[in-house]
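S.K.: The structure file entry_12.txt (compact mmCIF, N, CA and C atoms) is provided below.
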# COMPACT_ATOMS: atom_id res chain seq x y z
N MET A 1 -8.41 -11.31 -7.11
CA MET A 1 -7.28 -11.61 -6.25
C MET A 1 -6.45 -12.71 -6.91
N SER A 2 -5.17 -12.53 -6.92
CA SER A 2 -4.27 -13.47 -7.55
C SER A 2 -3.86 -14.58 -6.57
N THR A 3 -3.75 -15.79 -7.10
CA THR A 3 -3.30 -16.90 -6.27
C THR A 3 -1.93 -17.39 -6.69
N LYS A 4 -1.30 -16.67 -7.61
CA LYS A 4 0.03 -17.05 -8.09
C LYS A 4 1.06 -16.78 -7.00
N THR A 5 2.11 -17.59 -6.99
CA THR A 5 3.19 -17.36 -6.05
C THR A 5 4.25 -16.49 -6.71
N LEU A 6 5.08 -15.89 -5.91
CA LEU A 6 6.16 -15.06 -6.43
C LEU A 6 7.22 -15.92 -7.08
N SER A 7 7.81 -15.37 -8.13
CA SER A 7 8.95 -16.05 -8.72
C SER A 7 10.13 -15.92 -7.76
N THR A 8 11.10 -16.77 -7.91
CA THR A 8 12.29 -16.70 -7.08
C THR A 8 12.98 -15.35 -7.25
N GLU A 9 12.99 -14.85 -8.48
CA GLU A 9 13.62 -13.54 -8.76
C GLU A 9 12.88 -12.42 -8.03
N ALA A 10 11.55 -12.43 -8.09
CA ALA A 10 10.76 -11.39 -7.41
C ALA A 10 10.94 -11.48 -5.90
N GLU A 11 10.96 -12.70 -5.39
CA GLU A 11 11.16 -12.91 -3.96
C GLU A 11 12.52 -12.37 -3.52
N THR A 12 13.54 -12.63 -4.30
CA THR A 12 14.89 -12.14 -3.99
C THR A 12 14.93 -10.62 -4.03
N ARG A 13 14.29 -10.02 -5.04
CA ARG A 13 14.26 -8.55 -5.13
C ARG A 13 13.55 -7.94 -3.92
N LEU A 14 12.43 -8.54 -3.51
CA LEU A 14 11.71 -8.05 -2.33
C LEU A 14 12.56 -8.18 -1.07
N MET A 15 13.20 -9.32 -0.90
CA MET A 15 14.05 -9.52 0.28
C MET A 15 15.19 -8.50 0.29
N ASN A 16 15.82 -8.28 -0.86
CA ASN A 16 16.90 -7.30 -0.94
C ASN A 16 16.38 -5.90 -0.65
N PHE A 17 15.21 -5.58 -1.18
CA PHE A 17 14.63 -4.26 -0.94
C PHE A 17 14.41 -4.04 0.55
N PHE A 18 13.80 -5.00 1.22
CA PHE A 18 13.51 -4.83 2.64
C PHE A 18 14.73 -5.03 3.54
N ASN A 19 15.74 -5.71 3.07
CA ASN A 19 16.96 -5.87 3.85
C ASN A 19 17.92 -4.69 3.68
N ASN A 20 17.89 -4.05 2.49
CA ASN A 20 18.89 -3.03 2.18
C ASN A 20 18.34 -1.62 2.01
N THR A 21 17.03 -1.47 1.85
CA THR A 21 16.50 -0.16 1.54
C THR A 21 15.61 0.40 2.64
N ILE A 22 14.59 -0.34 3.01
CA ILE A 22 13.65 0.11 4.04
C ILE A 22 13.10 -1.12 4.75
N ASP A 23 12.89 -0.99 6.05
CA ASP A 23 12.35 -2.13 6.77
C ASP A 23 10.83 -2.20 6.55
N PRO A 24 10.23 -3.38 6.70
CA PRO A 24 8.80 -3.53 6.44
C PRO A 24 7.92 -2.57 7.24
N LYS A 25 8.27 -2.32 8.50
CA LYS A 25 7.46 -1.40 9.30
C LYS A 25 7.53 0.02 8.73
N GLY A 26 8.71 0.43 8.28
CA GLY A 26 8.85 1.75 7.67
C GLY A 26 8.07 1.86 6.38
N MET A 27 8.09 0.80 5.58
CA MET A 27 7.34 0.79 4.33
C MET A 27 5.85 0.81 4.60
N ALA A 28 5.40 0.04 5.58
CA ALA A 28 3.98 0.03 5.93
C ALA A 28 3.54 1.42 6.37
N LYS A 29 4.38 2.09 7.14
CA LYS A 29 4.06 3.45 7.59
C LYS A 29 3.96 4.40 6.40
N ALA A 30 4.88 4.31 5.46
CA ALA A 30 4.86 5.16 4.27
C ALA A 30 3.60 4.91 3.44
N ILE A 31 3.23 3.64 3.29
CA ILE A 31 2.02 3.29 2.54
C ILE A 31 0.80 3.89 3.22
N ARG A 32 0.72 3.75 4.52
CA ARG A 32 -0.43 4.29 5.23
C ARG A 32 -0.48 5.81 5.13
N GLN A 33 0.67 6.47 5.18
CA GLN A 33 0.71 7.93 5.07
C GLN A 33 0.22 8.40 3.71
N VAL A 34 0.71 7.77 2.64
CA VAL A 34 0.28 8.19 1.31
C VAL A 34 -1.18 7.85 1.09
N ASN A 35 -1.64 6.72 1.59
CA ASN A 35 -3.05 6.39 1.48
C ASN A 35 -3.92 7.43 2.18
N TYR A 36 -3.48 7.88 3.34
CA TYR A 36 -4.22 8.89 4.10
C TYR A 36 -4.33 10.19 3.31
N VAL A 37 -3.21 10.64 2.78
CA VAL A 37 -3.20 11.90 2.04
C VAL A 37 -4.05 11.80 0.77
N LEU A 38 -3.92 10.71 0.05
CA LEU A 38 -4.71 10.53 -1.17
C LEU A 38 -6.20 10.44 -0.86
N ALA A 39 -6.55 9.68 0.16
CA ALA A 39 -7.96 9.55 0.53
C ALA A 39 -8.52 10.88 0.99
N LEU A 40 -7.75 11.61 1.78
CA LEU A 40 -8.20 12.91 2.25
C LEU A 40 -8.40 13.87 1.08
N GLY A 41 -7.48 13.85 0.13
CA GLY A 41 -7.62 14.69 -1.05
C GLY A 41 -8.86 14.34 -1.85
N ALA A 42 -9.15 13.07 -1.99
CA ALA A 42 -10.34 12.64 -2.73
C ALA A 42 -11.60 13.04 -1.98
N LEU A 43 -11.58 12.89 -0.66
CA LEU A 43 -12.75 13.26 0.12
C LEU A 43 -13.02 14.76 0.06
N ARG A 44 -11.98 15.53 -0.09
CA ARG A 44 -12.12 16.99 -0.16
C ARG A 44 -12.38 17.45 -1.58
N GLN A 45 -12.60 16.49 -2.48
CA GLN A 45 -13.01 16.78 -3.84
C GLN A 45 -11.95 17.48 -4.69
N HIS A 46 -10.69 17.15 -4.46
CA HIS A 46 -9.63 17.70 -5.30
C HIS A 46 -9.87 17.25 -6.74
N GLU A 47 -9.89 18.19 -7.66
CA GLU A 47 -10.27 17.91 -9.04
C GLU A 47 -9.44 16.80 -9.68
N THR A 48 -8.14 16.85 -9.55
CA THR A 48 -7.28 15.84 -10.16
C THR A 48 -7.58 14.46 -9.60
N LEU A 49 -7.72 14.36 -8.29
CA LEU A 49 -8.00 13.07 -7.67
C LEU A 49 -9.39 12.57 -8.04
N GLN A 50 -10.36 13.45 -8.20
CA GLN A 50 -11.70 13.04 -8.57
C GLN A 50 -11.71 12.37 -9.94
N ASN A 51 -10.85 12.82 -10.84
CA ASN A 51 -10.77 12.22 -12.18
C ASN A 51 -10.22 10.80 -12.13
N GLU A 52 -9.54 10.45 -11.07
CA GLU A 52 -8.92 9.14 -10.93
C GLU A 52 -9.50 8.34 -9.78
N ILE A 53 -10.73 8.62 -9.39
CA ILE A 53 -11.31 8.02 -8.19
C ILE A 53 -11.36 6.49 -8.24
N ASP A 54 -11.68 5.91 -9.39
CA ASP A 54 -11.72 4.44 -9.47
C ASP A 54 -10.34 3.84 -9.26
N ASN A 55 -9.33 4.42 -9.91
CA ASN A 55 -7.96 3.95 -9.72
C ASN A 55 -7.50 4.16 -8.28
N LEU A 56 -7.88 5.28 -7.71
CA LEU A 56 -7.50 5.58 -6.34
C LEU A 56 -8.11 4.57 -5.36
N GLN A 57 -9.38 4.23 -5.56
CA GLN A 57 -10.02 3.26 -4.68
C GLN A 57 -9.34 1.90 -4.76
N ASN A 58 -9.01 1.47 -5.96
CA ASN A 58 -8.34 0.19 -6.15
C ASN A 58 -6.94 0.21 -5.53
N SER A 59 -6.20 1.27 -5.78
CA SER A 59 -4.84 1.38 -5.22
C SER A 59 -4.88 1.47 -3.71
N PHE A 60 -5.83 2.21 -3.18
CA PHE A 60 -5.98 2.34 -1.74
C PHE A 60 -6.15 0.97 -1.09
N TYR A 61 -7.02 0.16 -1.67
CA TYR A 61 -7.27 -1.19 -1.13
C TYR A 61 -6.00 -2.02 -1.15
N TRP A 62 -5.32 -2.09 -2.30
CA TRP A 62 -4.16 -2.97 -2.42
C TRP A 62 -2.96 -2.47 -1.63
N LEU A 63 -2.79 -1.17 -1.53
CA LEU A 63 -1.69 -0.65 -0.70
C LEU A 63 -1.93 -0.95 0.77
N ASN A 64 -3.18 -0.87 1.20
CA ASN A 64 -3.48 -1.25 2.59
C ASN A 64 -3.26 -2.73 2.82
N GLU A 65 -3.62 -3.55 1.85
CA GLU A 65 -3.38 -4.98 1.97
C GLU A 65 -1.87 -5.26 2.10
N LEU A 66 -1.07 -4.60 1.28
CA LEU A 66 0.39 -4.77 1.35
C LEU A 66 0.92 -4.28 2.70
N ALA A 67 0.42 -3.16 3.17
CA ALA A 67 0.86 -2.64 4.48
C ALA A 67 0.55 -3.65 5.59
N GLU A 68 -0.60 -4.31 5.51
CA GLU A 68 -0.97 -5.30 6.51
C GLU A 68 -0.06 -6.53 6.45
N VAL A 69 0.37 -6.90 5.25
CA VAL A 69 1.29 -8.02 5.11
C VAL A 69 2.64 -7.65 5.71
N LEU A 70 3.09 -6.42 5.45
CA LEU A 70 4.40 -5.99 5.93
C LEU A 70 4.43 -5.81 7.44
N ASN A 71 3.34 -5.27 7.98
CA ASN A 71 3.30 -4.99 9.41
C ASN A 71 1.83 -4.93 9.84
N PRO A 72 1.26 -6.06 10.26
CA PRO A 72 -0.16 -6.06 10.63
C PRO A 72 -0.47 -4.99 11.67
N TYR A 73 -1.48 -4.21 11.36
CA TYR A 73 -1.86 -3.09 12.22
C TYR A 73 -3.35 -3.13 12.50
N LEU A 74 -4.13 -3.42 11.48
CA LEU A 74 -5.58 -3.40 11.64
C LEU A 74 -6.09 -4.60 12.41
N ASP A 75 -5.32 -5.68 12.45
CA ASP A 75 -5.75 -6.89 13.16
C ASP A 75 -5.44 -6.83 14.65
N VAL A 76 -4.68 -5.83 15.08
CA VAL A 76 -4.32 -5.72 16.49
C VAL A 76 -5.56 -5.34 17.30
N GLU A 77 -5.80 -6.10 18.36
CA GLU A 77 -7.00 -5.84 19.18
C GLU A 77 -6.67 -4.95 20.33
What does the file become when written as structure tokens?
M.R.:
Amino acid sequence: MSTKTLSTEAETRLMNFFNNTIDPKGMAKAIRQVNYVLALGALRQHETLQNEIDNLQNSFYWLNELAEVLNPYLDVE
């Protein structure tokens, strides 16, 4: 896990992205949807996804972490 902070340039790009392209809730929903499809494909033993299972597991984790930052969902009781 990285403890580095974002550069001002990266922060500005992120703010512009979420202000002008997609709102955080919409992005979180898209992340969750793609994670669901990819995980389901891996669980069903799709050959292409099986070849990338380690990368898929890592990406799945970090995309969910980003989705939680954008729009907390799993912490809701």
S.K.: Which one of A:Asn64, A:Ser59, A:Leu14, A:Asn71 sits closest to Gly26 in chain A if you count only N, CA and C atoms?
M.R.: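 With only N, CA and C atoms as the atom set, the closest residue is A:Asn71.
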S.K.: Just give me the gap between atom C of Pro24 in chain A and atom C of Gly41 in chain A in Å, one decimal is fine.
M.R.: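 Those two atoms sit 25.5 Å apart.
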S.K.: Quick one: of A:Thr3, A:Asn35, A:Thr21, A:Thr12, who's nearest to Tyr61 in chain A, counting only C-alpha atoms?
M.R.: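 Ranking A:Thr3, A:Asn35, A:Thr21, A:Thr12 by distance to Tyr61 in chain A, first place goes to A:Asn35.
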S.K.: Provide the atom N of Ala39 in chain A to atom N of Phe18 in chain A distance in Å, to one decimal place.
M.R.: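 Atom-to-atom, atom N of Ala39 in chain A and atom N of Phe18 in chain A are spaced 25.1 Å apart.
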S.K.: What is the distance between CA of Val69 in chain A and CA of Lys25 in chain A, in Å to one decimal?
M.R.: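 Rounded to one decimal, the two atoms are 10.0 Å apart.
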S.K.: So which one's closest to Lys29 in chain A, A:Pro72, A:Ala67, A:Arg13, A:Thr8? Using only C-alpha atoms, please.
M.R.: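 Nearest to Lys29 in chain A: A:Ala67.
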